[in-house]
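Colleague: This is upload.csv (CSV, C-alpha atoms).
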chain,number,residue,atom,x,y,z
A,1,MET,CA,11.4,8.7,-32.4
A,2,SER,CA,9.4,6.2,-30.2
A,3,THR,CA,12.7,4.6,-29.0
A,4,VAL,CA,14.0,8.1,-27.9
A,5,LEU,CA,10.7,8.9,-26.2
A,6,ALA,CA,10.7,5.5,-24.4
A,7,ALA,CA,14.3,6.2,-23.2
A,8,ILE,CA,13.3,9.6,-21.9
A,9,ALA,CA,10.2,8.1,-20.2
A,10,LEU,CA,12.5,5.5,-18.6
A,11,PHE,CA,14.9,8.2,-17.4
A,12,VAL,CA,12.1,10.5,-16.0
A,13,GLY,CA,10.0,7.8,-14.3
A,14,LEU,CA,12.6,5.5,-12.7
A,15,PRO,CA,13.2,7.7,-9.6
A,16,GLY,CA,9.5,7.9,-9.0
A,17,LEU,CA,9.2,4.2,-9.4
A,18,ALA,CA,11.9,3.6,-6.8
A,19,VAL,CA,9.9,5.7,-4.3
A,20,GLY,CA,6.7,3.8,-5.2
A,21,ILE,CA,8.5,0.5,-4.4
A,22,HIS,CA,10.1,1.9,-1.3
A,23,PHE,CA,7.0,3.5,0.2
A,24,GLY,CA,4.8,0.7,-0.9
A,25,LEU,CA,6.9,-1.8,1.0
A,26,LEU,CA,7.0,0.4,4.1
A,27,ALA,CA,3.3,1.0,4.0
A,28,LEU,CA,2.6,-2.8,3.7
A,29,ALA,CA,5.0,-3.5,6.6
A,30,SER,CA,3.2,-0.8,8.7
A,31,LEU,CA,0.0,-2.9,8.6
A,32,PHE,CA,1.8,-5.5,10.7
A,33,TYR,CA,3.3,-3.1,13.2
A,34,ARG,CA,2.8,-4.1,16.8
A,35,GLU,CA,3.9,-2.0,19.8
A,36,PRO,CA,6.5,-4.0,21.8
A,37,ARG,CA,5.2,-4.9,25.3
A,38,PRO,CA,6.8,-2.6,27.9
A,39,SER,CA,9.2,-4.3,30.2
A,40,GLU,CA,9.8,-3.3,33.8
A,41,GLY,CA,13.1,-1.6,34.2
A,42,GLU,CA,14.8,1.5,35.6
A,43,ASP,CA,13.0,4.8,35.9
A,44,VAL,CA,14.2,7.2,33.2
A,45,ALA,CA,14.3,10.8,34.2
A,46,PHE,CA,13.8,13.2,31.3
A,47,LEU,CA,15.3,16.6,30.5
A,48,ILE,CA,12.4,18.0,28.4
A,49,LEU,CA,14.2,20.4,26.1
A,50,ILE,CA,12.1,22.9,24.1
A,51,PRO,CA,13.8,25.3,21.6
A,52,ALA,CA,11.6,28.3,21.1
A,53,HIS,CA,11.9,31.5,19.0
A,54,ASP,CA,9.1,34.0,19.6
A,55,GLU,CA,6.5,31.4,20.4
A,56,GLU,CA,4.3,33.3,22.9
A,57,ARG,CA,1.2,32.4,20.9
A,58,VAL,CA,1.6,28.6,21.2
A,59,ILE,CA,3.9,27.6,23.9
A,60,ALA,CA,1.5,27.8,26.8
A,61,ALA,CA,-0.7,25.0,25.5
A,62,GLY,CA,2.3,22.7,25.1
A,63,LEU,CA,3.7,23.5,28.6
A,64,ALA,CA,0.2,22.9,30.1
A,65,ALA,CA,0.1,19.5,28.6
A,66,ILE,CA,3.6,18.7,29.8
A,67,GLU,CA,2.8,19.8,33.3
A,68,ALA,CA,-0.2,17.6,33.4
A,69,ASP,CA,1.7,14.5,32.3
A,70,ARG,CA,5.3,14.8,33.5
A,71,ARG,CA,6.6,12.9,36.5
A,72,PRO,CA,8.4,14.4,39.5
A,73,CYS,CA,11.7,13.2,38.1
A,74,ASP,CA,11.3,15.1,34.8
A,75,ARG,CA,12.4,18.7,34.4
A,76,VAL,CA,11.7,21.2,31.7
A,77,LEU,CA,14.2,23.5,30.0
A,78,VAL,CA,13.1,26.1,27.5
A,79,VAL,CA,15.7,27.6,25.3
A,80,ALA,CA,14.3,31.1,24.5
A,81,ASP,CA,16.3,31.6,21.3
A,82,ARG,CA,16.8,35.3,20.5
A,83,CYS,CA,13.2,36.0,21.5
A,84,SER,CA,11.6,39.5,21.3
A,85,ASP,CA,8.3,38.5,22.9
A,86,ALA,CA,7.1,36.9,26.2
A,87,THR,CA,8.2,33.3,25.5
A,88,ALA,CA,10.7,33.2,28.4
A,89,GLU,CA,8.2,34.8,30.9
A,90,ILE,CA,5.5,32.3,29.9
A,91,ALA,CA,7.9,29.4,30.3
A,92,ARG,CA,8.9,30.6,33.8
A,93,SER,CA,5.3,30.9,34.8
A,94,PHE,CA,4.9,27.1,34.2
A,95,GLY,CA,8.0,26.5,36.4
A,96,ALA,CA,10.3,25.7,33.6
A,97,LEU,CA,14.1,26.4,33.6
A,98,VAL,CA,14.8,29.0,30.9
A,99,LEU,CA,18.0,29.6,29.0
A,100,GLU,CA,17.9,32.8,27.1
A,101,ARG,CA,20.1,33.3,24.0
A,102,GLY,CA,20.8,36.8,22.7
A,103,GLU,CA,20.7,38.3,19.2
A,104,ASP,CA,24.5,38.1,19.0
A,105,GLU,CA,24.5,34.3,19.4
A,106,GLU,CA,24.5,31.7,16.5
A,107,PRO,CA,21.0,31.5,15.0
A,108,GLY,CA,19.1,28.3,14.1
A,109,ARG,CA,17.4,25.4,15.8
A,110,ALA,CA,20.5,23.2,15.8
A,111,ALA,CA,22.4,25.9,17.8
A,112,ALA,CA,19.5,26.2,20.2
A,113,ARG,CA,19.3,22.5,20.8
A,114,GLN,CA,23.1,22.2,21.3
A,115,ALA,CA,23.1,25.2,23.7
A,116,GLY,CA,20.4,23.6,25.8
A,117,LEU,CA,22.3,20.3,26.0
A,118,GLU,CA,25.5,22.1,27.0
A,119,HIS,CA,23.6,24.1,29.6
A,120,ALA,CA,22.1,20.9,31.0
A,121,ARG,CA,25.4,19.0,31.5
A,122,GLU,CA,25.5,19.8,35.2
A,123,LEU,CA,21.8,18.7,35.7
A,124,GLU,CA,20.6,15.3,36.6
A,125,TRP,CA,18.8,13.5,33.8
A,126,ASP,CA,18.9,10.1,32.1
A,127,ALA,CA,17.6,11.1,28.6
A,128,VAL,CA,16.8,14.2,26.8
A,129,LEU,CA,13.3,14.5,25.2
A,130,MET,CA,12.9,17.3,22.7
A,131,LEU,CA,9.6,18.9,21.9
A,132,ASP,CA,8.7,21.9,19.7
A,133,ALA,CA,7.0,24.8,21.3
A,134,ASP,CA,3.8,24.2,19.3
A,135,SER,CA,3.7,20.5,20.2
A,136,VAL,CA,0.9,19.2,22.5
A,137,ILE,CA,1.4,15.8,24.0
A,138,GLU,CA,-1.3,13.3,24.8
A,139,PRO,CA,-1.7,11.8,28.3
A,140,GLY,CA,0.7,8.9,29.1
A,141,PHE,CA,3.4,10.4,26.7
A,142,PHE,CA,6.3,10.4,29.2
A,143,ALA,CA,5.4,7.0,30.6
A,144,ALA,CA,5.4,5.4,27.1
A,145,CYS,CA,8.7,7.0,26.2
A,146,ALA,CA,10.3,6.0,29.5
A,147,ALA,CA,9.1,2.4,29.1
A,148,ALA,CA,10.6,2.2,25.6
A,149,LEU,CA,14.0,3.5,26.8
A,150,ALA,CA,14.0,1.3,29.8
A,151,SER,CA,13.5,-1.7,27.6
A,152,GLY,CA,16.8,-1.1,25.9
A,153,ALA,CA,16.1,1.4,23.1
A,154,PRO,CA,19.0,4.0,22.9
A,155,ALA,CA,16.9,6.5,21.1
A,156,ILE,CA,13.2,6.8,20.2
A,157,GLN,CA,10.8,8.8,18.2
A,158,ALA,CA,7.2,9.3,19.3
A,159,ARG,CA,4.2,9.3,16.9
A,160,SER,CA,4.1,12.8,15.5
A,161,GLU,CA,1.1,14.2,13.8
A,162,SER,CA,-0.1,17.6,12.6
A,163,GLY,CA,-2.9,19.4,14.5
A,164,LYS,CA,-6.4,19.5,13.1
A,165,GLY,CA,-6.5,21.9,10.2
A,166,ARG,CA,-8.5,25.1,9.7
A,167,SER,CA,-7.2,25.9,6.2
A,168,LEU,CA,-6.3,23.9,3.1
A,169,ALA,CA,-2.6,24.4,3.8
A,170,GLN,CA,-3.1,22.9,7.3
A,171,GLU,CA,-5.0,19.9,5.9
A,172,ALA,CA,-2.2,19.3,3.3
A,173,SER,CA,0.3,19.5,6.2
A,174,LEU,CA,-1.8,16.9,8.1
A,175,ALA,CA,-1.9,14.6,5.1
A,176,ALA,CA,1.9,14.8,4.7
A,177,PHE,CA,2.4,14.1,8.4
A,178,THR,CA,0.4,10.8,8.2
A,179,LEU,CA,3.1,9.3,6.0
A,180,GLN,CA,6.2,10.8,7.7
A,181,GLY,CA,4.9,10.6,11.3
A,182,ILE,CA,3.0,7.3,11.3
A,183,THR,CA,3.1,5.0,8.3
A,184,ILE,CA,6.8,5.1,7.4
A,185,PRO,CA,8.0,4.9,11.0
A,186,ARG,CA,5.7,1.9,11.6
A,187,GLY,CA,7.0,0.2,8.5
A,188,ARG,CA,10.6,0.8,9.3
A,189,ALA,CA,10.1,-0.4,12.9
A,190,ARG,CA,8.3,-3.6,11.7
A,191,LEU,CA,11.2,-4.4,9.3
A,192,GLY,CA,13.9,-3.8,12.0
A,193,LEU,CA,15.2,-0.6,10.3
A,194,SER,CA,16.1,2.7,12.0
A,195,VAL,CA,13.4,5.4,12.4
A,196,ARG,CA,14.3,9.0,11.5
A,197,LEU,CA,14.2,11.4,14.4
A,198,ARG,CA,11.9,14.3,13.7
A,199,GLY,CA,12.9,17.0,16.1
A,200,THR,CA,9.8,17.0,18.2
A,201,GLY,CA,9.0,13.9,20.2
A,202,MET,CA,12.5,12.4,20.0
A,203,ALA,CA,14.2,11.0,23.1
A,204,ILE,CA,17.8,10.1,23.4
A,205,ARG,CA,19.9,8.5,26.1
A,206,ARG,CA,22.1,11.0,27.9
A,207,GLU,CA,25.4,9.4,27.0
A,208,ILE,CA,24.5,9.3,23.3
A,209,ALA,CA,23.0,12.9,23.2
A,210,LEU,CA,26.2,14.3,24.8
A,211,ALA,CA,28.5,12.3,22.6
A,212,HIS,CA,27.1,13.8,19.4
A,213,ARG,CA,26.3,17.4,18.2
A,214,PHE,CA,23.3,19.0,16.5
A,215,ARG,CA,24.5,20.7,13.4
A,216,ALA,CA,23.5,21.7,9.9
A,217,PRO,CA,21.4,24.8,9.0
A,218,ALA,CA,18.4,22.7,8.1
A,219,SER,CA,17.1,19.3,9.2
A,220,GLU,CA,19.5,19.0,12.1
A,221,ASP,CA,17.3,16.1,13.4
A,222,LEU,CA,17.9,14.2,10.2
A,223,PHE,CA,21.7,14.8,10.4
A,224,PHE,CA,21.7,13.7,14.0
A,225,SER,CA,19.7,10.5,13.1
A,226,LEU,CA,22.2,9.6,10.4
A,227,ASP,CA,25.2,10.3,12.7
A,228,LEU,CA,23.7,7.8,15.2
A,229,LEU,CA,23.0,5.3,12.4
A,230,LEU,CA,26.6,5.3,11.3
A,231,THR,CA,27.7,4.5,14.8
A,232,GLY,CA,25.3,1.5,15.0
A,233,VAL,CA,22.6,3.2,17.0
A,234,ARG,CA,19.1,2.5,15.7
A,235,CYS,CA,16.2,4.6,16.7
A,236,ARG,CA,12.8,3.0,17.6
A,237,HIS,CA,9.3,4.2,16.9
A,238,VAL,CA,6.9,4.5,19.9
A,239,ASP,CA,3.3,4.6,18.7
A,240,ALA,CA,1.9,4.8,22.2
A,241,ALA,CA,3.6,8.2,22.8
A,242,ARG,CA,1.6,10.7,20.7
A,243,LEU,CA,1.8,14.4,20.1
A,244,ARG,CA,0.3,16.9,17.7
A,245,SER,CA,2.0,20.0,16.4
A,246,GLU,CA,0.4,23.1,14.9
A,247,GLY,CA,0.5,22.9,11.1
A,248,ALA,CA,1.5,25.8,9.0
A,249,SER,CA,-1.6,28.0,8.5
A,250,THR,CA,-0.6,29.5,5.1
A,251,TRP,CA,0.9,28.2,2.0
A,252,ASP,CA,3.8,30.6,2.4
A,253,ALA,CA,4.6,29.2,5.9
A,254,PHE,CA,4.1,25.6,4.7
A,255,GLY,CA,6.4,26.3,1.8
A,256,GLY,CA,9.1,27.6,4.1
A,257,GLN,CA,8.9,24.5,6.2
A,258,LYS,CA,9.1,22.2,3.1
A,259,VAL,CA,12.0,24.2,1.7
A,260,ARG,CA,13.9,23.9,4.9
A,261,TYR,CA,13.3,20.2,5.1
A,262,GLU,CA,14.1,19.4,1.5
A,263,ALA,CA,17.2,21.5,1.5
A,264,GLY,CA,18.4,19.6,4.6
A,265,ARG,CA,17.6,16.3,3.0
A,266,MET,CA,19.6,17.3,-0.1
A,267,SER,CA,22.6,18.4,2.0
A,268,ALA,CA,22.3,15.1,4.0
A,269,ALA,CA,22.4,13.1,0.8
A,270,ARG,CA,25.6,14.8,-0.2
A,271,THR,CA,27.2,14.3,3.2
A,272,PHE,CA,26.0,10.8,4.2
A,273,VAL,CA,25.2,8.6,1.1
A,274,PRO,CA,28.7,7.4,0.4
A,275,ARG,CA,29.3,6.5,4.1
A,276,LEU,CA,25.9,4.9,4.4
A,277,LEU,CA,26.5,2.7,1.3
A,278,ARG,CA,30.0,1.7,2.5
A,279,ARG,CA,28.6,0.6,5.9
A,280,ALA,CA,25.7,-1.1,4.2
A,281,LEU,CA,28.1,-3.2,2.1
A,282,ARG,CA,30.7,-3.9,4.7
A,283,ARG,CA,28.4,-4.6,7.6
A,284,ARG,CA,25.4,-5.9,5.6
A,285,ASP,CA,23.5,-3.2,7.3
A,286,ALA,CA,20.0,-3.0,5.9
A,287,ALA,CA,19.1,0.2,7.9
A,288,CYS,CA,22.0,2.1,6.3
A,289,LEU,CA,21.0,0.9,2.8
A,290,GLU,CA,17.4,2.0,3.4
A,291,ALA,CA,18.6,5.4,4.6
A,292,ALA,CA,20.7,5.8,1.5
A,293,VAL,CA,17.7,5.0,-0.7
A,294,PHE,CA,15.6,7.5,1.2
A,295,LEU,CA,18.2,10.2,0.6
A,296,LEU,CA,18.8,9.4,-3.1
A,297,THR,CA,15.2,9.4,-4.2
A,298,PRO,CA,12.7,12.3,-4.5
A,299,PRO,CA,10.0,13.1,-2.0
A,300,PHE,CA,6.5,11.6,-2.4
A,301,ALA,CA,4.8,14.4,-4.4
A,302,VAL,CA,7.7,14.8,-6.8
A,303,ALA,CA,7.8,11.0,-7.3
A,304,PHE,CA,4.1,11.0,-8.1
A,305,LEU,CA,4.7,13.8,-10.6
A,306,LEU,CA,7.6,12.0,-12.2
A,307,LEU,CA,5.6,8.9,-12.7
A,308,LEU,CA,2.8,10.8,-14.3
A,309,VAL,CA,5.1,12.5,-16.7
A,310,GLY,CA,7.0,9.3,-17.4
A,311,GLY,CA,3.8,7.4,-17.9
A,312,GLY,CA,2.6,10.1,-20.4
A,313,LEU,CA,5.8,9.8,-22.4
A,314,ALA,CA,5.6,6.0,-22.3
A,315,ALA,CA,2.1,6.2,-23.7
A,316,LEU,CA,3.2,8.5,-26.5
A,317,ALA,CA,6.1,6.2,-27.3
A,318,GLY,CA,3.7,3.2,-27.4
A,319,ALA,CA,5.7,1.5,-24.6
A,320,THR,CA,2.7,-0.1,-22.9
A,321,TRP,CA,4.9,-2.3,-20.8
A,322,LEU,CA,6.6,0.7,-19.3
A,323,LEU,CA,3.2,2.5,-18.9
A,324,ALA,CA,1.9,-0.5,-16.9
A,325,ILE,CA,4.9,-0.5,-14.6
A,326,TYR,CA,4.5,3.2,-13.9
A,327,ALA,CA,0.8,2.8,-13.3
A,328,GLY,CA,1.8,0.2,-10.7
A,329,GLY,CA,4.1,2.7,-9.1
A,330,LEU,CA,1.4,5.3,-9.0
A,331,LEU,CA,-0.9,2.8,-7.4
A,332,ALA,CA,1.7,1.9,-4.7
A,333,LEU,CA,2.1,5.6,-3.8
A,334,ALA,CA,-1.7,6.1,-3.7
A,335,LEU,CA,-2.1,3.1,-1.4
A,336,ALA,CA,0.7,4.3,0.8
A,337,LEU,CA,-1.0,7.7,1.3
A,338,LEU,CA,-4.4,6.0,1.9
A,339,THR,CA,-2.8,3.8,4.5
A,340,GLY,CA,-1.4,6.8,6.3
A,341,LEU,CA,-4.8,8.6,6.3
A,342,ILE,CA,-6.6,5.6,7.6
A,343,GLN,CA,-4.0,5.0,10.3
A,344,ALA,CA,-4.2,8.6,11.3
A,345,ARG,CA,-8.0,8.4,11.3
A,346,ALA,CA,-8.1,11.5,9.2
A,347,GLY,CA,-11.3,13.6,9.1
A,348,LEU,CA,-13.5,14.4,6.2
A,349,ARG,CA,-11.8,17.8,5.5
A,350,THR,CA,-8.4,16.0,5.1
A,351,TRP,CA,-9.9,13.5,2.6
A,352,LEU,CA,-11.5,16.4,0.7
A,353,ALA,CA,-8.2,18.2,0.6
A,354,LEU,CA,-7.0,15.5,-1.7
A,355,LEU,CA,-9.1,17.1,-4.4
A,356,ALA,CA,-6.4,19.8,-4.6
A,357,ALA,CA,-3.7,17.2,-5.4
A,358,PRO,CA,-3.0,18.4,-9.0
A,359,TRP,CA,-2.3,21.9,-7.7
A,360,TYR,CA,-0.3,20.5,-4.8
A,361,LEU,CA,2.0,18.5,-7.1
A,362,ALA,CA,2.8,21.7,-9.1
A,363,TRP,CA,3.3,23.6,-5.9
A,364,LYS,CA,5.7,20.9,-4.4
A,365,ALA,CA,7.7,20.9,-7.7
A,366,ALA,CA,8.3,24.7,-7.2
A,367,VAL,CA,9.2,24.1,-3.5
A,368,GLN,CA,11.7,21.4,-4.6
A,369,ALA,CA,13.3,23.9,-7.0
A,370,ARG,CA,13.6,26.5,-4.2
A,371,ALA,CA,15.2,24.0,-1.9
A,372,LEU,CA,17.7,23.0,-4.6
A,373,ALA,CA,18.6,26.7,-5.2
A,374,SER,CA,19.2,27.2,-1.5
A,375,VAL,CA,21.6,24.3,-1.4
A,376,LEU,CA,23.4,25.4,-4.5
A,377,ARG,CA,24.0,28.9,-3.1
A,378,ARG,CA,25.0,27.3,0.3
A,379,GLN,CA,22.3,29.0,2.3
A,380,ASP,CA,23.4,28.7,6.0
A,381,TYR,CA,20.2,29.9,7.8
A,382,PHE,CA,16.5,29.0,7.5
A,383,GLY,CA,14.2,31.0,9.6
A,384,PRO,CA,11.5,29.6,11.9
A,385,THR,CA,8.0,28.9,10.8
A,386,THR,CA,5.9,32.1,10.6
A,387,ARG,CA,2.9,32.0,13.0
A,388,ALA,CA,-0.4,33.5,11.8
Represent the structure of the file as structure tokens.

Modeller:
Amino acid sequence: MSTVLAAIALFVGLPGLAVGIHFGLLALASLFYREPRPSEGEDVAFLILIPAHDEERVIAAGLAAIEADRRPCDRVLVVADRCSDATAEIARSFGALVLERGEDEEPGRAAARQAGLEHARELEWDAVLMLDADSVIEPGFFAACAAALASGAPAIQARSESGKGRSLAQEASLAAFTLQGITIPRGRARLGLSVRLRGTGMAIRREIALAHRFRAPASEDLFFSLDLLLTGVRCRHVDAARLRSEGASTWDAFGGQKVRYEAGRMSAARTFVPRLLRRALRRRDAACLEAAVFLLTPPFAVAFLLLLVGGGLAALAGATWLLAIYAGGLLALALALLTGLIQARAGLRTWLALLAAPWYLAWKAAVQARALASVLRRQDYFGPTTRA
């Protein structure tokens, strides 16, 4: 009986252990991240593309920050995607170009991004910089992005964080963003790997942006990143370019975001893992190997839960050696999260939100199940985040 339990514990906990090792290494590498010194080069004119669906409540703050920081060579294009509110009018009041898409056009953020790029083919710009309607950039954002591209980077991702929270859901969103928007990108950059593009705060050279397409019903930015990686394009993290986006204010909205992201990640695994592994083996491409590992392993919270369950089963089986290994995996995940919170200079409310971790783990397992169900039924549309 103990042998069977130990075997089950091994089966349950190994995926979580893989995440612990992966994230632990990236967190350790992030401690040694240094922003490359900007080199003098060409001026990079941005097309600032903002897909927006009924965003009248938040878009003005983002556009005001853009207007305060953008250079004369930069222009703003807002894609008002099937809006029924004043999003387009607000965008025009800030001097932005506006492309309005009607109800009869293809829904989804990927379609909106692609429509904006197609519309801008006749405009003059060197790189497209995409921002979400709820993103607010910090001063110096465009200069930092332009310097990184001018130094030779074909595509970049700015440091992306969640806005300060007013609810437990927003604090949980902020904690999640510390890993995905700061620590993991820093670690990948330090190890010479490719950073994932995150939708908001990504900048791509014109010739590359127009040579590829945004697709997929969910996580179109992840699909685009992997398309670039398979052609040898590596994306760079730019910590000096910073932005904050409004976190989901309710658990229902936060769950919708997570379902959309995890469903996209599962679909990406099915589409890209074989090709990534082939390139990793044939070209000895470490970035492709790391991307495949990322797609094949569960997300942070699910990994933590698997290690807890696997550790419990190992204890019941008397497999102390396995219990010790899983305890090390849990410690690696905990240290990775703590590293992210410290690097983000998280406030007291965010630290206190960690007290809800047991409930969050159960909630995230349910979200993962919903995401898997959406992939199995081939759901082809995920709605935008609900604004409170």

Colleague: Give me, as CSV, each residue of region 144-192 of chain A that comes within 8 Å of region 350-354 of chain A, together with its shortest interatomic pair and the distance in Å at one decimal, counting only C-alpha atoms, with rows ordered by chain and rising residue number.

Modeller:
residue,atom,partner,partner_atom,distance
A:Leu168,CA,A:Ala353,CA,6.5
A:Glu171,CA,A:Thr350,CA,5.2
A:Ala172,CA,A:Ala353,CA,6.7
A:Leu174,CA,A:Thr350,CA,7.3
A:Ala175,CA,A:Thr350,CA,6.6

Colleague: As a ChimeraX atom specification, please: the residues near Arg242 (chain A) (cut-off 6 Å, all atoms listed in the file, same-chain neighbours under 3 positions excluded).

Modeller: /A:138,158-159

Colleague: Can you write just those residues out, C-alpha atoms, as a CSV table (one decimal), in the frame of the given file?

Modeller:
chain,number,residue,atom,x,y,z
A,138,GLU,CA,-1.3,13.3,24.8
A,158,ALA,CA,7.2,9.3,19.3
A,159,ARG,CA,4.2,9.3,16.9

Colleague: Work out how far CA of His22 (chain A) is from CA of Val309 (chain A), in Å to one decimal.

Modeller: 19.4 Å

Colleague: Of the residues A:Ala64, A:Leu123, A:Ala280, A:Leu337, which is the one nearest to Ala176 (chain A), using all atoms listed in the file?

Modeller: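 Counting all atoms listed in the file, the residue closest to Ala176 (chain A) is A:Leu337.
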
Colleague: List the residues sitting within 12 Å of (0.2, 6.3, 8.9) in the file's frame, using only C-alpha atoms, as a ChimeraX atom specification.

Modeller: /A:23,26-31,33,159-162,174-188,239,335-346

Colleague: Can I get the selected residues back with C-alpha atoms, as a PDB file, in the coordinates of the input?

Modeller:
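After the write, again-v2.pdb holds the following:
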ATOM      1  CA  PHE A  23       7.000   3.500   0.200  1.00  0.00           C
ATOM      2  CA  LEU A  26       7.000   0.400   4.100  1.00  0.00           C
ATOM      3  CA  ALA A  27       3.300   1.000   4.000  1.00  0.00           C
ATOM      4  CA  LEU A  28       2.600  -2.800   3.700  1.00  0.00           C
ATOM      5  CA  ALA A  29       5.000  -3.500   6.600  1.00  0.00           C
ATOM      6  CA  SER A  30       3.200  -0.800   8.700  1.00  0.00           C
ATOM      7  CA  LEU A  31       0.000  -2.900   8.600  1.00  0.00           C
ATOM      8  CA  TYR A  33       3.300  -3.100  13.200  1.00  0.00           C
ATOM      9  CA  ARG A 159       4.200   9.300  16.900  1.00  0.00           C
ATOM     10  CA  SER A 160       4.100  12.800  15.500  1.00  0.00           C
ATOM     11  CA  GLU A 161       1.100  14.200  13.800  1.00  0.00           C
ATOM     12  CA  SER A 162      -0.100  17.600  12.600  1.00  0.00           C
ATOM     13  CA  LEU A 174      -1.800  16.900   8.100  1.00  0.00           C
ATOM     14  CA  ALA A 175      -1.900  14.600   5.100  1.00  0.00           C
ATOM     15  CA  ALA A 176       1.900  14.800   4.700  1.00  0.00           C
ATOM     16  CA  PHE A 177       2.400  14.100   8.400  1.00  0.00           C
ATOM     17  CA  THR A 178       0.400  10.800   8.200  1.00  0.00           C
ATOM     18  CA  LEU A 179       3.100   9.300   6.000  1.00  0.00           C
ATOM     19  CA  GLN A 180       6.200  10.800   7.700  1.00  0.00           C
ATOM     20  CA  GLY A 181       4.900  10.600  11.300  1.00  0.00           C
ATOM     21  CA  ILE A 182       3.000   7.300  11.300  1.00  0.00           C
ATOM     22  CA  THR A 183       3.100   5.000   8.300  1.00  0.00           C
ATOM     23  CA  ILE A 184       6.800   5.100   7.400  1.00  0.00           C
ATOM     24  CA  PRO A 185       8.000   4.900  11.000  1.00  0.00           C
ATOM     25  CA  ARG A 186       5.700   1.900  11.600  1.00  0.00           C
ATOM     26  CA  GLY A 187       7.000   0.200   8.500  1.00  0.00           C
ATOM     27  CA  ARG A 188      10.600   0.800   9.300  1.00  0.00           C
ATOM     28  CA  ASP A 239       3.300   4.600  18.700  1.00  0.00           C
ATOM     29  CA  LEU A 335      -2.100   3.100  -1.400  1.00  0.00           C
ATOM     30  CA  ALA A 336       0.700   4.300   0.800  1.00  0.00           C
ATOM     31  CA  LEU A 337      -1.000   7.700   1.300  1.00  0.00           C
ATOM     32  CA  LEU A 338      -4.400   6.000   1.900  1.00  0.00           C
ATOM     33  CA  THR A 339      -2.800   3.800   4.500  1.00  0.00           C
ATOM     34  CA  GLY A 340      -1.400   6.800   6.300  1.00  0.00           C
ATOM     35  CA  LEU A 341      -4.800   8.600   6.300  1.00  0.00           C
ATOM     36  CA  ILE A 342      -6.600   5.600   7.600  1.00  0.00           C
ATOM     37  CA  GLN A 343      -4.000   5.000  10.300  1.00  0.00           C
ATOM     38  CA  ALA A 344      -4.200   8.600  11.300  1.00  0.00           C
ATOM     39  CA  ARG A 345      -8.000   8.400  11.300  1.00  0.00           C
ATOM     40  CA  ALA A 346      -8.100  11.500   9.200  1.00  0.00           C
TER      41      ALA A 346
END
